[in-house]
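Printed here is query_15.cif (mmCIF, C-alpha atoms and all ligand atoms):
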```cif
data_final
loop_
_atom_site.label_atom_id
_atom_site.label_comp_id
_atom_site.auth_asym_id
_atom_site.auth_seq_id
_atom_site.Cartn_x
_atom_site.Cartn_y
_atom_site.Cartn_z
CA MET S 1 102.88 90.98 114.46
CA PRO S 2 104.43 93.63 112.22
CA GLY S 3 105.12 91.68 109.02
CA PRO S 4 104.26 88.24 107.65
CA GLY S 5 107.81 86.85 107.82
CA TYR S 6 108.22 87.98 111.44
CA ASP S 7 105.10 86.03 112.31
CA LYS S 8 106.73 82.84 111.00
CA ILE S 9 109.97 83.04 113.00
CA GLY S 10 110.39 79.59 114.56
CA GLN S 11 112.52 76.50 114.82
CA SER S 12 114.51 76.83 111.59
CA GLU S 13 115.58 80.41 112.44
CA ARG S 14 116.57 79.18 115.91
CA SER S 15 118.62 76.25 114.65
CA ASN S 16 120.43 78.39 112.06
CA ALA S 17 121.21 80.94 114.79
CA GLU S 18 122.46 78.13 117.04
CA ASP S 19 124.79 77.03 114.26
CA VAL S 20 126.35 80.50 114.35
CA LEU S 21 126.60 80.39 118.12
CA SER S 22 128.28 77.00 117.95
CA THR S 23 131.26 78.58 116.18
CA TRP S 24 130.99 82.18 117.41
CA ALA S 25 131.89 83.25 113.90
CA LEU S 26 129.74 86.37 114.08
CA THR S 27 131.01 88.05 110.94
CA ARG S 28 131.79 86.57 107.55
CA TYR S 29 135.46 87.35 107.68
CA LEU S 30 136.07 85.16 110.73
CA PHE S 31 135.93 82.17 108.38
CA ALA S 32 139.01 80.90 106.59
CA ASP S 33 136.86 80.40 103.50
CA PRO S 34 133.97 82.90 103.69
CA GLU S 35 132.79 82.05 100.18
CA ASN S 36 131.89 78.52 101.30
CA GLN S 37 131.39 78.83 105.06
CA SER S 38 129.68 82.12 105.75
CA TRP S 39 125.91 82.47 106.27
CA VAL S 40 126.07 85.95 104.76
CA ARG S 41 127.55 84.55 101.56
CA ARG S 42 124.95 81.76 101.54
CA PHE S 43 122.17 84.33 102.02
CA GLU S 44 123.48 86.39 99.09
CA THR S 45 123.74 83.31 96.87
CA ASN S 46 120.27 82.05 97.82
CA ILE S 47 118.76 85.48 97.12
CA SER S 48 120.54 85.64 93.75
CA VAL S 49 119.12 82.26 92.82
CA ARG S 50 115.59 82.94 94.14
CA LEU S 51 115.27 86.34 92.45
CA ASP S 52 117.39 85.52 89.41
CA SER S 53 119.89 88.30 89.94
CA PRO S 54 123.56 87.94 89.02
CA HIS S 55 124.93 89.86 92.02
CA ALA S 56 123.70 90.36 95.60
CA VAL S 57 125.35 92.13 98.55
CA ALA S 58 123.76 91.62 101.98
CA VAL S 59 123.99 94.66 104.27
CA ASN S 60 122.72 95.78 107.67
CA SER S 61 119.51 97.62 106.61
CA GLY S 62 117.34 98.62 103.67
CA THR S 63 118.75 102.13 103.94
CA SER S 64 122.26 100.69 103.65
CA ALA S 65 121.10 98.67 100.63
CA LEU S 66 119.91 101.87 98.94
CA VAL S 67 123.13 103.74 99.66
CA THR S 68 125.14 100.73 98.47
CA ALA S 69 123.06 100.51 95.27
CA LEU S 70 123.43 104.22 94.50
CA ALA S 71 127.13 104.33 95.40
CA GLY S 72 127.75 101.24 93.26
CA LEU S 73 126.22 103.07 90.31
CA GLY S 74 128.55 106.02 90.92
CA ILE S 75 125.92 108.49 92.18
CA GLY S 76 127.49 111.33 94.13
CA THR S 77 128.00 115.04 94.59
CA GLY S 78 126.30 117.26 92.05
CA ASP S 79 124.05 114.54 90.62
CA GLU S 80 120.27 114.78 90.60
CA VAL S 81 118.21 111.68 91.34
CA ILE S 82 114.47 111.53 90.71
CA VAL S 83 112.47 109.88 93.49
CA PRO S 84 108.74 109.84 94.31
CA GLY S 85 107.30 112.14 96.98
CA TYR S 86 105.47 109.11 98.38
CA THR S 87 108.06 106.69 99.78
CA TYR S 88 109.80 106.08 103.06
CA VAL S 89 112.16 108.94 103.95
CA ALA S 90 115.11 106.52 103.58
CA SER S 91 114.83 106.53 99.76
CA ILE S 92 115.36 110.28 99.79
CA GLY S 93 117.92 110.28 102.62
CA ALA S 94 120.11 107.74 100.84
CA ILE S 95 120.42 110.10 97.87
CA ALA S 96 121.14 113.12 100.05
CA HIS S 97 123.80 111.31 102.11
CA LEU S 98 125.79 110.64 98.94
CA GLY S 99 125.87 114.37 98.23
CA ALA S 100 123.35 114.10 95.38
CA THR S 101 120.12 116.10 95.14
CA PRO S 102 116.80 114.27 95.43
CA ILE S 103 114.29 115.62 92.89
CA LEU S 104 110.79 114.77 94.04
CA ALA S 105 108.31 113.53 91.44
CA GLU S 106 104.60 112.79 91.38
CA ILE S 107 102.96 109.42 91.77
CA ASN S 108 99.96 108.28 89.73
CA GLY S 109 96.89 106.28 90.75
CA THR S 110 99.03 103.18 91.39
CA LEU S 111 100.72 105.23 94.16
CA THR S 112 104.05 104.63 92.41
CA LEU S 113 106.19 106.97 90.26
CA ASP S 114 104.38 108.65 87.39
CA PRO S 115 106.64 108.07 84.34
CA ALA S 116 105.42 111.20 82.53
CA ASP S 117 106.29 113.37 85.52
CA VAL S 118 109.70 111.70 85.79
CA ALA S 119 110.43 112.52 82.14
CA ALA S 120 109.44 116.15 82.74
CA ARG S 121 111.92 116.53 85.61
CA ILE S 122 115.04 115.31 83.79
CA THR S 123 117.84 117.89 83.50
CA SER S 124 121.44 117.74 82.35
CA ARG S 125 122.40 116.84 85.94
CA THR S 126 120.00 113.90 86.32
CA LYS S 127 121.88 110.63 86.82
CA ALA S 128 119.32 108.17 88.16
CA ILE S 129 115.69 107.35 88.88
CA VAL S 130 114.70 105.63 92.11
CA ALA S 131 111.49 103.69 91.47
CA VAL S 132 109.78 102.69 94.72
CA HIS S 133 107.46 99.67 94.64
CA MET S 134 105.22 101.13 97.29
CA LEU S 135 103.04 98.96 99.53
CA GLY S 136 103.95 95.79 97.63
CA ALA S 137 102.93 97.08 94.19
CA PRO S 138 105.22 97.17 91.14
CA CYS S 139 106.03 100.45 89.41
CA ASP S 140 105.54 100.84 85.66
CA LEU S 141 109.00 99.42 85.01
CA ASP S 142 108.63 99.24 81.22
CA ALA S 143 108.03 102.97 81.00
CA LEU S 144 110.67 103.85 83.59
CA ARG S 145 113.26 101.56 81.97
CA THR S 146 112.63 103.21 78.59
CA ILE S 147 112.96 106.70 80.06
CA ALA S 148 116.17 105.70 81.83
CA ASP S 149 117.65 104.13 78.68
CA ASP S 150 116.63 107.01 76.41
CA ASN S 151 118.30 109.51 78.74
CA SER S 152 121.33 107.42 79.81
CA LEU S 153 120.16 107.30 83.41
CA ALA S 154 120.53 104.52 85.95
CA LEU S 155 117.34 102.89 87.22
CA VAL S 156 117.33 101.84 90.88
CA GLU S 157 114.42 99.85 92.29
CA ASP S 158 113.63 100.51 95.93
CA ALA S 159 111.80 97.25 96.55
CA ALA S 160 112.12 97.44 100.35
CA GLN S 161 108.39 96.84 100.75
CA SER S 162 108.08 94.26 97.98
CA PHE S 163 110.48 91.34 98.44
CA GLY S 164 109.25 88.46 96.26
CA GLY S 165 107.04 90.67 94.10
CA SER S 166 107.42 90.70 90.33
CA TYR S 167 106.80 92.74 87.20
CA LYS S 168 105.82 90.83 84.06
CA GLY S 169 107.41 87.70 85.47
CA ARG S 170 110.71 89.27 86.55
CA SER S 171 111.53 89.68 90.23
CA LEU S 172 111.29 93.21 91.53
CA GLY S 173 114.76 94.56 92.14
CA THR S 174 116.20 92.88 89.02
CA VAL S 175 114.80 95.03 86.21
CA GLY S 176 116.76 98.13 87.23
CA ASP S 177 120.52 98.50 87.15
CA ALA S 178 120.36 97.96 90.90
CA GLY S 179 117.70 97.05 93.45
CA ALA S 180 117.42 97.44 97.22
CA PHE S 181 115.41 95.46 99.79
CA SER S 182 114.85 95.81 103.52
CA PHE S 183 114.47 92.97 106.01
CA ASN S 184 113.27 95.04 108.96
CA PRO S 185 110.38 93.48 110.94
CA TYR S 186 107.69 95.20 108.83
CA LYS S 187 108.86 93.67 105.59
CA VAL S 188 107.87 90.48 103.72
CA ILE S 189 110.66 88.50 105.42
CA THR S 190 112.90 89.74 108.19
CA THR S 191 116.38 89.46 109.67
CA GLY S 192 115.53 91.90 112.49
CA GLU S 193 117.52 94.58 110.72
CA GLY S 194 119.04 93.97 107.32
CA GLY S 195 118.87 94.48 103.60
CA VAL S 196 120.30 93.42 100.29
CA ALA S 197 121.45 95.32 97.21
CA LEU S 198 121.22 93.64 93.80
CA PHE S 199 123.24 94.64 90.76
CA SER S 200 122.82 93.67 87.15
CA ARG S 201 126.47 94.39 86.22
CA TYR S 202 129.68 93.11 87.83
CA ARG S 203 131.28 96.57 87.58
CA ASP S 204 128.57 98.16 89.73
CA TYR S 205 128.46 95.18 92.12
CA TYR S 206 132.20 95.52 92.68
CA ALA S 207 131.86 99.23 93.49
CA GLY S 208 128.78 98.62 95.69
CA TYR S 209 130.49 95.81 97.56
CA ALA S 210 133.53 98.00 98.18
CA PHE S 211 131.31 100.81 99.45
CA GLN S 212 129.70 98.65 102.16
CA ASP S 213 133.02 97.04 103.18
CA GLN S 214 135.45 99.93 103.54
CA GLY S 215 136.83 99.66 100.06
CA TRP S 216 137.42 95.89 99.98
CA PRO S 217 136.62 93.98 96.79
CA PRO S 218 133.93 91.24 96.79
CA GLY S 219 134.93 88.46 99.16
CA ARG S 220 138.05 90.53 99.98
CA GLU S 221 139.68 88.74 97.08
CA LEU S 222 141.98 91.02 95.19
CA GLY S 223 142.49 90.70 91.49
CA ASN S 224 139.13 91.04 89.73
CA GLU S 225 138.98 94.80 89.61
CA PRO S 226 136.85 96.07 86.70
CA ASP S 227 138.42 98.50 84.23
CA GLY S 228 138.20 102.10 85.34
CA TYR S 229 137.32 101.29 88.98
CA LYS S 230 138.31 104.09 91.36
CA PRO S 231 139.09 102.95 94.93
CA THR S 232 136.65 104.19 97.56
CA PHE S 233 136.95 104.64 101.33
CA GLY S 234 133.48 103.19 101.77
CA LEU S 235 131.68 102.56 105.04
CA ASN S 236 131.04 99.51 107.19
CA LEU S 237 127.46 98.46 106.37
CA ARG S 238 128.12 94.72 106.58
CA MET S 239 125.46 92.21 107.54
CA PRO S 240 126.34 90.12 110.63
CA GLU S 241 126.29 86.31 110.44
CA LEU S 242 123.39 85.92 112.88
CA SER S 243 121.15 88.10 110.70
CA ALA S 244 122.05 86.12 107.60
CA ALA S 245 121.46 82.78 109.33
CA ILE S 246 117.95 83.95 110.27
CA GLY S 247 117.52 85.38 106.77
CA CYS S 248 118.30 82.00 105.16
CA ALA S 249 115.53 80.38 107.21
CA GLN S 250 113.13 83.21 106.32
CA LEU S 251 113.99 83.00 102.63
CA ASP S 252 113.03 79.32 102.66
CA LYS S 253 109.57 80.45 103.82
CA LEU S 254 109.13 83.16 101.18
CA ASP S 255 106.82 81.19 98.90
CA GLU S 256 104.65 80.15 101.84
CA VAL S 257 104.51 83.74 103.12
CA LEU S 258 103.56 85.13 99.71
CA HIS S 259 100.95 82.43 99.19
CA GLU S 260 99.30 83.02 102.57
CA VAL S 261 99.31 86.81 102.26
CA ARG S 262 97.91 86.78 98.73
CA ASP S 263 95.27 84.25 99.75
CA ALA S 264 94.19 86.47 102.67
CA ARG S 265 94.19 89.50 100.34
CA ASP S 266 91.97 87.65 97.85
CA ARG S 267 89.55 86.61 100.59
CA LEU S 268 89.39 90.22 101.76
CA LEU S 269 88.77 91.47 98.22
CA GLU S 270 85.95 88.98 97.83
CA ALA S 271 84.26 90.16 101.03
CA LEU S 272 84.91 93.87 100.50
CA GLU S 273 82.27 96.05 98.92
CA VAL S 274 84.06 98.89 97.23
CA PRO S 275 81.49 101.70 96.93
CA ALA S 276 80.69 103.36 93.61
CA THR S 277 82.34 106.50 94.97
CA ALA S 278 85.72 104.79 95.41
CA HIS S 279 87.98 102.32 93.63
CA LEU S 280 90.76 99.86 94.35
CA ARG S 281 94.22 101.14 93.51
CA PRO S 282 94.99 100.15 89.88
CA SER S 283 98.06 97.98 89.34
CA ASN S 284 100.94 97.88 86.87
CA ASP S 285 100.95 94.10 87.29
CA ALA S 286 98.39 92.66 89.74
CA ALA S 287 99.99 89.19 89.59
CA GLY S 288 103.26 90.61 90.90
CA ASP S 289 101.80 92.48 93.88
CA THR S 290 102.98 90.97 97.17
CA GLY S 291 99.46 91.46 98.58
CA ASN S 292 100.55 93.04 101.84
CA VAL S 293 98.22 96.02 101.64
CA VAL S 294 94.90 96.80 99.91
CA VAL S 295 94.42 100.46 99.00
CA ILE S 296 91.06 102.11 98.37
CA THR S 297 90.99 105.56 96.78
CA PHE S 298 87.82 107.58 97.29
CA ASP S 299 86.43 110.20 94.90
CA GLU S 300 86.09 112.71 97.73
CA GLN S 301 88.77 113.57 100.25
CA ALA S 302 86.28 114.23 103.06
CA HIS S 303 84.65 110.84 102.50
CA ALA S 304 88.01 109.09 102.77
CA GLN S 305 88.98 110.99 105.88
CA ARG S 306 85.74 110.42 107.71
CA THR S 307 85.79 106.73 106.83
CA ALA S 308 89.38 106.40 108.06
CA THR S 309 88.55 108.13 111.33
CA LYS S 310 85.59 105.82 111.94
CA LEU S 311 87.86 102.82 111.40
CA GLY S 312 90.51 104.19 113.76
CA SER S 313 92.80 104.43 110.73
CA LYS S 314 94.03 107.35 108.64
CA THR S 315 94.41 108.47 105.07
CA LEU S 316 97.80 107.94 103.45
CA ASP S 317 98.86 111.60 103.64
CA ASP S 318 98.90 110.97 107.40
CA SER S 319 101.39 108.12 107.17
CA GLY S 320 104.33 109.79 108.89
CA ARG S 321 107.56 110.03 106.99
CA HIS S 322 106.21 108.24 103.97
CA PHE S 323 104.79 111.47 102.55
CA TYR S 324 107.19 114.24 101.52
CA ALA S 325 105.15 116.98 103.27
CA ASN S 326 105.76 115.19 106.60
CA MET S 327 109.54 114.93 106.10
CA ILE S 328 111.01 117.76 108.13
CA GLN S 329 114.42 116.90 106.68
CA LEU S 330 113.25 118.43 103.39
CA GLY S 331 112.98 121.89 105.00
CA ASP S 332 111.07 124.29 102.75
CA ARG S 333 110.37 121.48 100.30
CA ALA S 334 108.18 119.71 102.89
CA GLN S 335 105.14 121.73 101.89
CA ARG S 336 101.85 120.38 100.64
CA GLY S 337 101.22 121.80 97.19
CA ALA S 338 104.68 120.98 95.81
CA LEU S 339 103.29 117.73 94.35
CA PRO S 340 99.55 118.41 93.97
CA ARG S 341 98.64 115.07 92.41
CA THR S 342 100.49 113.14 95.10
CA ASP S 343 98.77 115.23 97.80
CA ASP S 344 95.37 114.66 96.26
CA LEU S 345 95.78 110.89 95.80
CA LEU S 346 97.10 110.28 99.31
CA GLU S 347 94.45 112.49 100.92
CA ARG S 348 91.79 110.31 99.25
CA SER S 349 93.33 106.89 99.94
CA ILE S 350 93.01 104.42 102.81
CA ALA S 351 95.18 101.32 103.24
CA LEU S 352 93.82 98.10 104.71
CA SER S 353 96.61 95.94 106.05
CA VAL S 354 96.83 92.27 105.09
CA GLY S 355 100.38 91.05 105.74
CA VAL S 356 102.00 94.20 107.11
CA SER S 357 100.54 96.04 110.05
CA ASP S 358 102.38 99.35 110.46
CA GLY S 359 100.57 102.36 111.86
CA HIS S 360 103.26 104.63 110.38
CA LEU S 361 102.37 103.33 106.95
CA GLY S 362 98.66 104.04 107.38
CA SER S 363 98.09 100.29 107.32
CA GLY S 364 97.49 99.59 110.97
CA TYR S 365 93.86 98.65 110.32
CA GLY S 366 92.86 95.43 108.55
CA ILE S 367 93.37 91.69 108.67
CA HIS S 368 96.34 89.32 108.83
CA PRO S 369 97.32 86.22 106.88
CA ASN S 370 95.79 83.90 109.49
CA SER S 371 92.45 85.71 109.66
CA THR S 372 89.46 83.39 109.36
CA ASN S 373 86.76 84.12 106.82
CA ASP S 374 84.47 85.22 109.67
CA GLU S 375 87.08 87.74 110.85
CA ILE S 376 87.54 88.98 107.30
CA ASN S 377 83.79 89.32 106.82
CA ALA S 378 83.57 91.31 110.07
CA ILE S 379 86.27 93.75 108.86
CA ALA S 380 84.53 94.06 105.48
CA ALA S 381 81.22 94.80 107.23
CA GLU S 382 82.87 97.37 109.49
CA PHE S 383 84.43 99.00 106.46
CA ALA S 384 81.09 99.05 104.59
CA ASN S 385 79.41 100.61 107.61
CA ALA S 386 82.10 103.28 107.96
CA VAL S 387 81.86 104.08 104.25
CA ALA S 388 78.06 104.33 104.35
CA THR S 389 77.87 106.44 107.48
CA SER S 390 80.61 108.79 106.30
CA ALA S 391 78.83 109.93 103.15
CA THR S 392 75.76 112.15 103.02
CA ILE S 393 73.10 112.15 100.34
CA SER S 394 73.64 115.83 99.59
CA GLY S 395 77.29 115.27 98.89
CA SER S 396 78.39 117.27 101.89
CA TYR S 397 80.07 115.39 104.69
CA ALA S 398 78.60 116.48 107.98
C1 LIG R 401 110.37 102.15 100.65
C2 LIG R 401 111.43 101.94 101.71
N1 LIG R 401 112.70 102.19 101.41
C3 LIG R 401 113.67 102.00 102.32
C4 LIG R 401 113.40 101.56 103.60
C5 LIG R 401 114.51 101.46 104.59
O1 LIG R 401 114.68 100.19 105.14
P1 LIG R 401 115.33 100.00 106.58
O2 LIG R 401 114.32 100.41 107.60
O3 LIG R 401 115.63 98.54 106.65
O4 LIG R 401 116.57 100.83 106.63
C6 LIG R 401 112.09 101.27 103.94
C7 LIG R 401 111.78 100.79 105.31
O5 LIG R 401 110.83 101.10 105.92
C8 LIG R 401 111.07 101.47 102.98
O6 LIG R 401 109.79 101.23 103.27
#
```
Starting from the file, give its structure as structure tokens.
Ligand SMILES: Cc1ncc(COP(=O)(O)O)c(C=O)c1O
Amino acid sequence: MPGPGYDKIGQSERSNAEDVLSTWALTRYLFADPENQSWVRRFETNISVRLDSPHAVAVNSGTSALVTALAGLGIGTGDEVIVPGYTYVASIGAIAHLGATPILAEINGTLTLDPADVAARITSRTKAIVAVHMLGAPCDLDALRTIADDNSLALVEDAAQSFGGSYKGRSLGTVGDAGAFSFNPYKVITTGEGGVALFSRYRDYYAGYAFQDQGWPPGRELGNEPDGYKPTFGLNLRMPELSAAIGCAQLDKLDEVLHEVRDARDRLLEALEVPATAHLRPSNDAAGDTGNVVVITFDEQAHAQRTATKLGSKTLDDSGRHFYANMIQLGDRAQRGALPRTDDLLERSIALSVGVSDGHLGSGYGIHPNSTNDEINAIAAEFANAVATSATISGSYA
């Protein structure tokens, strides 16, 4: 199964979906009173409560959530937005589709944005930073928030891969001015396709809502327009009722999903022997990691690559359109060497999947939340064997 929420789809998702089918109200505006009757509105409210965010807008994908978040913050033509070179291509595409210029920045050992490199790339045109909580791990949000505040920039959290994660006790997606999540099947919980954008300010929520609903105000209720709001044409990125009904059932299972994934991750970490020539990815807040992926970074690139090959896996630079050099959309900018530290870290890192199994993410190899201790021990032994037989005493890798 792709993600841990997908694996738990069952009776409650079915009965919520049947409730939708019983009325055939497939979109929120078929209700006389969407605020109180719609599953989409209920999903937004439940997410707001669960994550402690004042404003949530459910949309039809994580990509739509990113575009909605950026548009709500007023990002557009001529603006520069700093984004890591290690992320899914959607984080970069969302910026480009609004007419803004994505400025790629380095990651650090956590495999998330390096704050010092972000600061170095700020120009007079920079308007926002997109911090991506990659592979379930929180970015250094204190440092990024300070940089954003000191330079009057917006901070957007792309938490697509980290629903339910936290940073110093605050839910990911709520520390920035806006946050974006995906509910595709590879994510913590799923609606098939779907996403949600969070906003910390009503003004930005209003603009984001209007963007995903062809210029309509929240709830299509006229009259609460914030000062200075400029009407937008917007797009139709709305979440359908069926997706939201399934999402409500999945959200009820979030704590169980996180508990099971983190428990499996901890059992794997206990069984795993990390060699002296490698280390576990450091964390900005280990308690807030969703636990979906364990990353091991080797000292030597060749050692990592040989180990990955023996496991039938790959190093993270080979994870499709999650690495800027593989994103053909970037044209000339898709060249190794543009972000040397990112290249180096990803070439030396292997992901072991725990809750999310996605070959495109380099995390196709590993365990799953229901793995028994024997299965986990077998994977740990296979890993240890691959590590040992991939290194040579002389330091060369035959
Ligand atoms: C970091 C990141 N951002 C954005 C997205 C886009 O989400 P979606 O596939 O729902 O459009 C993804 C999905 O893979 C992602 O991993």
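You can rank S:Asp358, S:Leu51, S:Thr146, S:Asp285 by their closest distance to ligand LIG 401 (chain R) using only C-alpha atoms and all ligand atoms, and at the top of that list sits S:Asp358.
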request  = Measure the distance from atom CA of S:Tyr86 to atom CA of S:Leu141 in Å and round it to one decimal.
outcome  =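 Straight-line distance from atom CA of S:Tyr86 to atom CA of S:Leu141 works out to 16.9 Å.
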query = In Å to one decimal, how far is atom CA of S:Ala137 from atom CA of S:Ala160?
reply = 11.1 Å
key: Shortest interatomic distance to S:Ala245 - which of S:Thr23, S:Asn46, S:Asn16, S:Gln11, counting all atoms listed in the file   =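 Once distances to S:Ala245 are computed over all atoms listed in the file, the minimum belongs to S:Asn16.
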query = Could you state the separation of atom CA of S:Thr389 and atom CA of S:Phe323 in Å, given to one decimal place?
reply = 27.8 Å
message = Neighbouring residues of S:Asn184 were defined as those with any atom within 7 Å, considering all atoms listed in the file; residues of the same chain fewer than 5 positions away were excluded. Please report them as number ranges by chain.
response = S: 190-194
Padding 3 Å on each side, edges along x, y and z: where is the centre of the box around the listed atoms of stretch 19-24 of chain S, and how long are its edges in Å to one decimal? Output it as lines of an AutoDock Vina configuration file.
```
center_x = 128.0
center_y = 79.6
center_z = 116.2
size_x = 12.5
size_y = 11.2
size_z = 9.9
```
Counting all atoms listed in the file, give me one row per residue of chain S with an atom at most 10 Å from an atom of ligand LIG 401 (chain R), showing the shortest contact pair and its distance in Å to one decimal, sorted by chain then residue number, as a tab-separated table.
```
residue	atom	partner	partner_atom	distance
S:Val59	CA	R:LIG401	O3	9.5
S:Asn60	CA	R:LIG401	O3	7.7
S:Ser61	CA	R:LIG401	O3	4.0
S:Gly62	CA	R:LIG401	O1	3.4
S:Thr63	CA	R:LIG401	O4	3.7
S:Ser64	CA	R:LIG401	O4	6.4
S:Ala65	CA	R:LIG401	O4	7.8
S:Leu66	CA	R:LIG401	C3	7.1
S:Val67	CA	R:LIG401	C3	10.0
S:Tyr86	CA	R:LIG401	C1	8.8
S:Thr87	CA	R:LIG401	C1	5.2
S:Tyr88	CA	R:LIG401	C1	4.6
S:Val89	CA	R:LIG401	N1	7.2
S:Ala90	CA	R:LIG401	C3	4.9
S:Ser91	CA	R:LIG401	N1	5.1
S:Ile92	CA	R:LIG401	N1	8.7
S:Gly93	CA	R:LIG401	C3	9.3
S:Ala94	CA	R:LIG401	C3	8.8
S:Ala131	CA	R:LIG401	C1	9.4
S:Val132	CA	R:LIG401	C1	6.0
S:His133	CA	R:LIG401	C1	7.1
S:Met134	CA	R:LIG401	C1	6.2
S:Leu135	CA	R:LIG401	O6	8.0
S:Gly136	CA	R:LIG401	C1	9.5
S:Glu157	CA	R:LIG401	C1	9.6
S:Asp158	CA	R:LIG401	N1	5.8
S:Ala159	CA	R:LIG401	C1	6.5
S:Ala160	CA	R:LIG401	C2	4.8
S:Gln161	CA	R:LIG401	O6	5.3
S:Ser162	CA	R:LIG401	C1	8.6
S:Ala180	CA	R:LIG401	C3	7.8
S:Phe181	CA	R:LIG401	O1	7.2
S:Ser182	CA	R:LIG401	O3	4.2
S:Phe183	CA	R:LIG401	O3	5.7
S:Asn184	CA	R:LIG401	O3	4.8
S:Pro185	CA	R:LIG401	O3	8.5
S:Tyr186	CA	R:LIG401	O5	7.3
S:Lys187	CA	R:LIG401	O5	7.7
S:Thr190	CA	R:LIG401	O3	9.3
S:Thr191	CA	R:LIG401	O3	9.6
S:Gly192	CA	R:LIG401	O3	8.8
S:Glu193	CA	R:LIG401	O3	6.0
S:Gly194	CA	R:LIG401	O3	5.7
S:Gly195	CA	R:LIG401	O3	6.0
S:Val196	CA	R:LIG401	O3	9.4
S:Arg321	CA	R:LIG401	O5	9.6
S:His322	CA	R:LIG401	O6	7.9
S:Asp358	CA	R:LIG401	O5	9.8
S:His360	CA	R:LIG401	O5	9.5
S:Leu361	CA	R:LIG401	O6	8.5
```
Do a neighbour search on S:Leu70 at 10 Å with all atoms listed in the file, toss out local chain neighbours closer than 4 positions, and write the hits as a CSV table (one decimal) with C-alpha atoms, in the frame of the given file.
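Listing of selection.csv after writing:
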```csv
chain,number,residue,atom,x,y,z
S,64,SER,CA,122.3,100.7,103.6
S,65,ALA,CA,121.1,98.7,100.6
S,66,LEU,CA,119.9,101.9,98.9
S,74,GLY,CA,128.6,106.0,90.9
S,75,ILE,CA,125.9,108.5,92.2
S,76,GLY,CA,127.5,111.3,94.1
S,81,VAL,CA,118.2,111.7,91.3
S,94,ALA,CA,120.1,107.7,100.8
S,95,ILE,CA,120.4,110.1,97.9
S,98,LEU,CA,125.8,110.6,98.9
S,100,ALA,CA,123.4,114.1,95.4
S,128,ALA,CA,119.3,108.2,88.2
S,130,VAL,CA,114.7,105.6,92.1
S,154,ALA,CA,120.5,104.5,86.0
S,155,LEU,CA,117.3,102.9,87.2
S,156,VAL,CA,117.3,101.8,90.9
S,177,ASP,CA,120.5,98.5,87.2
S,178,ALA,CA,120.4,98.0,90.9
S,179,GLY,CA,117.7,97.0,93.4
S,180,ALA,CA,117.4,97.4,97.2
S,197,ALA,CA,121.4,95.3,97.2
S,204,ASP,CA,128.6,98.2,89.7
S,207,ALA,CA,131.9,99.2,93.5
S,208,GLY,CA,128.8,98.6,95.7
S,211,PHE,CA,131.3,100.8,99.4
```
Determine, counting all atoms listed in the file, every residue of protein, DNA or RNA that lies within 12 Å of (104.3, 78.4, 104.7) in the file coordinates, then give the result as a CSV table (one decimal) with C-alpha atoms, in the coordinates of the input.
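Final output, saved to selection39.csv:
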```csv
chain,number,residue,atom,x,y,z
S,4,PRO,CA,104.3,88.2,107.6
S,5,GLY,CA,107.8,86.8,107.8
S,7,ASP,CA,105.1,86.0,112.3
S,8,LYS,CA,106.7,82.8,111.0
S,9,ILE,CA,110.0,83.0,113.0
S,10,GLY,CA,110.4,79.6,114.6
S,189,ILE,CA,110.7,88.5,105.4
S,249,ALA,CA,115.5,80.4,107.2
S,250,GLN,CA,113.1,83.2,106.3
S,251,LEU,CA,114.0,83.0,102.6
S,252,ASP,CA,113.0,79.3,102.7
S,253,LYS,CA,109.6,80.4,103.8
S,254,LEU,CA,109.1,83.2,101.2
S,255,ASP,CA,106.8,81.2,98.9
S,256,GLU,CA,104.6,80.2,101.8
S,257,VAL,CA,104.5,83.7,103.1
S,258,LEU,CA,103.6,85.1,99.7
S,259,HIS,CA,101.0,82.4,99.2
S,260,GLU,CA,99.3,83.0,102.6
S,261,VAL,CA,99.3,86.8,102.3
S,263,ASP,CA,95.3,84.2,99.8
S,369,PRO,CA,97.3,86.2,106.9
S,370,ASN,CA,95.8,83.9,109.5
```
message = Residues near S:Val294, anyone? I mean within 8 Å using only C-alpha atoms, not counting same-chain ones fewer than 2 positions away, as a ChimeraX atom specification.
response = /S:265,280-281,291-292,296,351-354
key: Nearest candidate to S:Ser48 (options S:Ser371, S:Asn36, S:Thr174, S:Thr232; using all atoms listed in the file)   =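 Result for the nearest residue to S:Ser48: S:Thr174.
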task = Could you give me, as a ChimeraX atom specification, the residues within 10 Å of stretch 305-316 of chain S, counting all atoms listed in the file and dropping anything in the same chain fewer than 6 positions from it?
result = /S:86,295-298,322-323,343,345-352,359-366,379,382-391,397-398
Among listed residues S:Pro84, S:Pro138, S:Gly109, S:Gly78, nearest S:Ala287 (using all atoms listed in the file) =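 Among S:Pro84, S:Pro138, S:Gly109, S:Gly78, it is S:Pro138 that comes nearest to S:Ala287.
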ask   = Neighbours of S:Ser152 within 12 Å (all atoms listed in the file; same-chain residues fewer than 6 positions away dropped), as a ChimeraX atom specification?
value = /S:122-129,144-146,177
key: Residue among S:Arg121, S:Asn373, S:Gly288, S:Gly331 lying closest to S:Glu106, counting only C-alpha atoms   = S:Arg121
message = Which residue is closest to S:Glu221? Choose from S:Ala17, S:Tyr29, S:Thr290, S:Gly164 and count only C-alpha atoms.
response =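 Ranked by minimum distance to S:Glu221, first place goes to S:Tyr29.
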key: Local residues around (130.1, 83.3, 103.6), at most 12 Å away, using all atoms listed in the file, as a PyMOL selection string   = chain S and resi 20+25-46+57-58+218-220+238-242+244-245+248
